[in-house]
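Q: What follows is entry.csv, CSV, N, CA and C atoms.
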chain,number,residue,atom,x,y,z
A,21,MET,N,23.2,138.6,47.9
A,21,MET,CA,23.0,139.0,49.2
A,21,MET,C,22.1,138.0,50.0
A,22,ASN,N,22.6,137.5,51.1
A,22,ASN,CA,21.8,136.6,51.9
A,22,ASN,C,21.1,137.4,53.0
A,23,THR,N,19.9,137.0,53.3
A,23,THR,CA,19.1,137.6,54.4
A,23,THR,C,18.6,136.5,55.3
A,24,LYS,N,18.6,136.7,56.6
A,24,LYS,CA,18.1,135.7,57.5
A,24,LYS,C,16.6,135.6,57.4
A,25,LEU,N,16.2,134.3,57.6
A,25,LEU,CA,14.8,134.0,57.6
A,25,LEU,C,14.5,133.1,58.8
A,26,THR,N,13.4,133.5,59.5
A,26,THR,CA,13.1,132.7,60.7
A,26,THR,C,11.8,131.9,60.3
A,27,LEU,N,11.9,130.6,60.6
A,27,LEU,CA,10.8,129.7,60.3
A,27,LEU,C,10.4,128.9,61.5
A,28,SER,N,9.1,128.6,61.6
A,28,SER,CA,8.6,127.7,62.7
A,28,SER,C,8.3,126.3,62.0
A,29,VAL,N,9.1,125.3,62.4
A,29,VAL,CA,9.0,124.0,61.8
A,29,VAL,C,8.9,123.0,63.0
A,30,ASN,N,8.2,121.9,62.8
A,30,ASN,CA,8.1,120.8,63.7
A,30,ASN,C,9.5,120.3,64.1
A,31,GLN,N,9.8,120.1,65.3
A,31,GLN,CA,11.1,119.7,65.8
A,31,GLN,C,11.6,118.4,65.1
A,32,ILE,N,10.8,117.5,64.9
A,32,ILE,CA,11.1,116.2,64.3
A,32,ILE,C,11.6,116.5,62.8
A,33,VAL,N,10.8,117.3,62.2
A,33,VAL,CA,11.1,117.7,60.8
A,33,VAL,C,12.5,118.3,60.7
A,34,ILE,N,12.8,119.2,61.7
A,34,ILE,CA,14.1,119.9,61.7
A,34,ILE,C,15.2,118.9,61.9
A,35,GLU,N,15.0,118.0,62.8
A,35,GLU,CA,16.1,117.0,63.1
A,35,GLU,C,16.3,116.1,61.9
A,36,GLU,N,15.3,115.6,61.2
A,36,GLU,CA,15.4,114.8,60.0
A,36,GLU,C,16.1,115.6,58.9
A,37,ALA,N,15.7,116.9,58.8
A,37,ALA,CA,16.3,117.7,57.7
A,37,ALA,C,17.8,117.9,58.0
A,38,LYS,N,18.1,118.1,59.2
A,38,LYS,CA,19.6,118.3,59.5
A,38,LYS,C,20.4,117.0,59.2
A,39,LYS,N,19.8,115.9,59.5
A,39,LYS,CA,20.4,114.6,59.2
A,39,LYS,C,20.6,114.5,57.7
A,40,TYR,N,19.6,114.8,56.9
A,40,TYR,CA,19.6,114.8,55.5
A,40,TYR,C,20.7,115.7,55.0
A,41,ALA,N,20.7,116.9,55.5
A,41,ALA,CA,21.7,117.9,55.0
A,41,ALA,C,23.1,117.4,55.3
A,42,LYS,N,23.3,116.9,56.5
A,42,LYS,CA,24.7,116.4,56.8
A,42,LYS,C,25.1,115.3,55.9
A,43,SER,N,24.2,114.3,55.7
A,43,SER,CA,24.5,113.2,54.8
A,43,SER,C,24.7,113.6,53.4
A,44,SER,N,24.1,114.7,52.9
A,44,SER,CA,24.3,115.1,51.5
A,44,SER,C,25.4,116.2,51.4
A,45,GLY,N,26.1,116.5,52.6
A,45,GLY,CA,27.2,117.5,52.5
A,45,GLY,C,26.7,118.9,52.2
A,46,LYS,N,25.5,119.2,52.6
A,46,LYS,CA,25.0,120.6,52.3
A,46,LYS,C,24.5,121.2,53.7
A,47,SER,N,24.4,122.5,53.7
A,47,SER,CA,23.8,123.1,54.8
A,47,SER,C,22.3,123.1,54.7
A,48,LEU,N,21.6,123.2,55.8
A,48,LEU,CA,20.1,123.2,55.8
A,48,LEU,C,19.6,124.4,55.0
A,49,SER,N,20.3,125.5,55.2
A,49,SER,CA,20.0,126.8,54.5
A,49,SER,C,20.0,126.6,53.0
A,50,SER,N,21.1,125.9,52.5
A,50,SER,CA,21.2,125.8,51.1
A,50,SER,C,20.1,124.8,50.5
A,51,ILE,N,19.8,123.8,51.3
A,51,ILE,CA,18.7,122.9,50.9
A,51,ILE,C,17.4,123.7,50.8
A,52,VAL,N,17.1,124.5,51.8
A,52,VAL,CA,15.8,125.3,51.8
A,52,VAL,C,15.8,126.2,50.6
A,53,GLU,N,17.0,126.9,50.4
A,53,GLU,CA,17.1,127.8,49.3
A,53,GLU,C,16.9,127.2,48.0
A,54,GLU,N,17.5,126.0,47.8
A,54,GLU,CA,17.3,125.2,46.5
A,54,GLU,C,15.8,124.9,46.3
A,55,TYR,N,15.2,124.4,47.4
A,55,TYR,CA,13.8,124.1,47.3
A,55,TYR,C,12.9,125.3,46.9
A,56,LEU,N,13.2,126.4,47.5
A,56,LEU,CA,12.4,127.6,47.2
A,56,LEU,C,12.6,128.0,45.8
A,57,LYS,N,13.8,127.9,45.3
A,57,LYS,CA,14.1,128.2,43.9
A,57,LYS,C,13.4,127.3,43.0
A,58,SER,N,13.4,126.0,43.3
A,58,SER,CA,12.7,125.0,42.5
A,58,SER,C,11.2,125.3,42.4
A,59,LEU,N,10.6,125.8,43.5
A,59,LEU,CA,9.2,126.2,43.5
A,59,LEU,C,8.9,127.3,42.5
A,60,ALA,N,9.8,128.3,42.6
A,60,ALA,CA,9.7,129.5,41.7
A,60,ALA,C,9.8,129.0,40.2
A,61,LEU,N,10.8,128.2,39.9
A,61,LEU,CA,11.1,127.7,38.6
A,61,LEU,C,9.9,126.9,38.1
A,62,LYS,N,9.3,126.1,39.0
A,62,LYS,CA,8.2,125.2,38.6
A,62,LYS,C,7.0,126.1,38.2
A,63,GLU,N,6.8,127.2,39.0
A,63,GLU,CA,5.7,128.1,38.7
A,63,GLU,C,5.9,128.8,37.4
A,64,GLU,N,7.1,129.2,37.1
A,64,GLU,CA,7.4,129.8,35.8
A,64,GLU,C,7.2,128.9,34.7
A,65,THR,N,7.6,127.6,34.8
A,65,THR,CA,7.5,126.6,33.8
A,65,THR,C,6.0,126.3,33.6
A,66,ASN,N,5.2,126.3,34.7
A,66,ASN,CA,3.8,126.0,34.5
A,66,ASN,C,3.1,127.2,33.7
A,67,LYS,N,3.5,128.4,34.0
A,67,LYS,CA,3.0,129.5,33.2
A,67,LYS,C,3.3,129.4,31.7
A,68,LYS,N,4.5,129.1,31.4
A,68,LYS,CA,5.0,128.9,30.0
A,68,LYS,C,4.2,127.8,29.4
A,69,GLU,N,4.0,126.7,30.1
A,69,GLU,CA,3.3,125.5,29.5
A,69,GLU,C,1.9,125.9,29.3
A,70,SER,N,1.3,126.7,30.1
A,70,SER,CA,-0.1,127.1,30.0
A,70,SER,C,-0.3,128.0,28.7
A,71,SER,N,0.7,128.9,28.5
A,71,SER,CA,0.7,129.7,27.4
A,71,SER,C,0.8,128.9,26.1
A,72,LEU,N,1.8,127.9,26.1
A,72,LEU,CA,2.0,127.1,25.0
A,72,LEU,C,0.7,126.3,24.6
A,73,LYS,N,0.1,125.8,25.7
A,73,LYS,CA,-1.2,125.0,25.5
A,73,LYS,C,-2.2,125.8,24.7
A,74,ILE,N,-2.4,127.1,25.1
A,74,ILE,CA,-3.3,128.0,24.4
A,74,ILE,C,-2.9,128.2,23.0
A,75,VAL,N,-1.6,128.4,22.7
A,75,VAL,CA,-1.2,128.6,21.4
A,75,VAL,C,-1.4,127.3,20.5
A,76,ARG,N,-1.2,126.1,21.1
A,76,ARG,CA,-1.4,124.9,20.4
A,76,ARG,C,-2.9,124.7,20.1
A,77,GLU,N,-3.7,125.1,21.0
A,77,GLU,CA,-5.2,125.0,20.8
A,77,GLU,C,-5.7,125.9,19.7
A,78,LEU,N,-5.0,127.1,19.6
A,78,LEU,CA,-5.4,128.0,18.6
A,78,LEU,C,-4.8,127.8,17.2
A,79,LYS,N,-3.8,127.0,17.2
A,79,LYS,CA,-3.1,126.7,15.9
A,79,LYS,C,-4.0,126.1,14.9
A,80,GLY,N,-4.1,126.7,13.8
A,80,GLY,CA,-4.9,126.2,12.7
A,80,GLY,C,-6.3,126.7,12.7
A,81,SER,N,-6.7,127.5,13.7
A,81,SER,CA,-8.0,128.0,13.8
A,81,SER,C,-8.3,129.1,12.9
A,82,ILE,N,-7.3,129.7,12.3
A,82,ILE,CA,-7.5,130.8,11.4
A,82,ILE,C,-6.8,130.5,10.1
A,83,LYS,N,-7.6,130.7,9.0
A,83,LYS,CA,-7.0,130.4,7.6
A,83,LYS,C,-6.4,131.7,7.2
A,84,LEU,N,-5.1,131.6,6.9
A,84,LEU,CA,-4.4,132.8,6.4
A,84,LEU,C,-4.6,133.0,4.9
A,85,PRO,N,-4.6,134.2,4.4
A,85,PRO,CA,-4.8,134.4,3.0
A,85,PRO,C,-3.6,133.8,2.2
A,86,ASP,N,-3.8,133.4,1.0
A,86,ASP,CA,-2.8,132.8,0.2
A,86,ASP,C,-1.6,133.7,0.0
A,87,ASP,N,-1.8,135.0,-0.1
A,87,ASP,CA,-0.7,136.0,-0.3
A,87,ASP,C,0.0,136.4,1.0
A,88,PHE,N,-0.4,135.8,2.1
A,88,PHE,CA,0.2,136.1,3.4
A,88,PHE,C,1.7,135.8,3.4
A,89,THR,N,2.5,136.8,3.8
A,89,THR,CA,4.0,136.7,3.9
A,89,THR,C,4.4,136.5,5.3
A,90,SER,N,4.3,137.6,6.1
A,90,SER,CA,4.7,137.4,7.5
A,90,SER,C,4.0,138.6,8.3
A,91,TYR,N,3.8,138.3,9.6
A,91,TYR,CA,3.3,139.4,10.5
A,91,TYR,C,4.1,140.6,10.4
A,92,LYS,N,5.4,140.5,10.4
A,92,LYS,CA,6.3,141.6,10.4
A,92,LYS,C,6.1,142.5,9.2
A,93,GLU,N,5.9,141.9,8.0
A,93,GLU,CA,5.6,142.6,6.8
A,93,GLU,C,4.3,143.3,6.8
A,94,ILE,N,3.3,142.7,7.4
A,94,ILE,CA,2.0,143.3,7.5
A,94,ILE,C,2.0,144.5,8.4
A,95,LEU,N,2.7,144.3,9.6
A,95,LEU,CA,2.9,145.4,10.5
A,95,LEU,C,3.6,146.6,9.9
A,96,GLN,N,4.7,146.3,9.1
A,96,GLN,CA,5.4,147.3,8.5
A,96,GLN,C,4.6,148.1,7.5
A,97,GLY,N,3.8,147.3,6.7
A,97,GLY,CA,2.9,147.9,5.7
A,97,GLY,C,1.8,148.8,6.4
A,98,ALA,N,1.3,148.4,7.5
A,98,ALA,CA,0.3,149.1,8.3
A,98,ALA,C,0.9,150.4,8.8
A,99,ARG,N,2.1,150.4,9.3
A,99,ARG,CA,2.8,151.6,9.8
A,99,ARG,C,3.1,152.5,8.6
A,100,LEU,N,3.5,152.0,7.5
A,100,LEU,CA,3.7,152.9,6.3
A,100,LEU,C,2.4,153.6,5.9
A,101,GLU,N,1.4,152.9,5.9
A,101,GLU,CA,0.1,153.4,5.5
A,101,GLU,C,-0.4,154.5,6.6
A,102,LYS,N,-0.2,154.2,7.8
A,102,LYS,CA,-0.6,155.1,8.9
A,102,LYS,C,0.2,156.4,8.9
A,103,TYR,N,1.5,156.3,8.8
A,103,TYR,CA,2.3,157.4,9.0
A,103,TYR,C,2.7,158.1,7.7
A,104,LEU,N,2.7,157.4,6.6
A,104,LEU,CA,3.1,158.0,5.3
A,104,LEU,C,2.0,158.0,4.3
A,105,GLY,N,0.9,157.4,4.6
A,105,GLY,CA,-0.3,157.4,3.7
A,105,GLY,C,-0.1,156.6,2.5
A,106,LYS,N,0.8,155.6,2.6
A,106,LYS,CA,1.1,154.8,1.4
A,106,LYS,C,0.3,153.5,1.4
Have the structure of the file written as structure tokens, please.
A:
Amino acid sequence: MNTKLTLSVNQIVIEEAKKYAKSSGKSLSSIVEEYLKSLALKEETNKKESSLKIVRELKGSIKLPDDFTSYKEILQGARLEKYLGK
């Protein structure tokens, strides 16, 4: 669904943007939409990269027991103990 958006932009910028849109075979609206999407994707990517950076920094900071199998198995064992007393 498309919705109208009213912007206030310097006249010279508008004229240059219209020239660019025409030369690239796109509408000014589609160019603005693509740019706004790219900003949102960039923000999402930055958040993911930030999370990955934290994980990389923490990697190796904890020594796991030799008998460690997997988090899933530990969780399953904890649930069995909690709910079944095993």
Q: Could you tell me how far atom N of A:Tyr55 lies from atom CA of A:Glu69, in Å and to one decimal?
A: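 Distance reported for this atom pair: 21.5 Å.
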Q: For each of A:Leu27, A:Leu100, A:Ile74, A:Ile32, take the minimum atom-to-atom distance to A:Val52, counting only C-alpha atoms, then give the residue where this is smallest.
A: A:Leu27
Q: Can you pull out every residue from chain A that DSSP, working from the backbone, puts in alpha helix (DSSP H), and format the result as number ranges by chain?
A: A: 31-44, 48-78, 91-104
Q: Suppose you want the space between atom N of A:Asn30 and atom C of A:Glu54; what is it in Å?
A: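 Rounded to one decimal, the two atoms are 18.4 Å apart.
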Q: For atom C of A:Lys46 and atom C of A:Lys62, quote the distance in Å rounded to one decimal.
A: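 Here the two named atoms are 23.9 Å from each other.
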Q: Residues around (19.1, 120.9, 53.4), cut-off 5 Å, counting only N, CA and C atoms - what are they as a list in words?
A: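 Residues found, by chain and rising number: Ala41, Ser47, Leu48, Ser50, Ile51 and Val52 of chain A.
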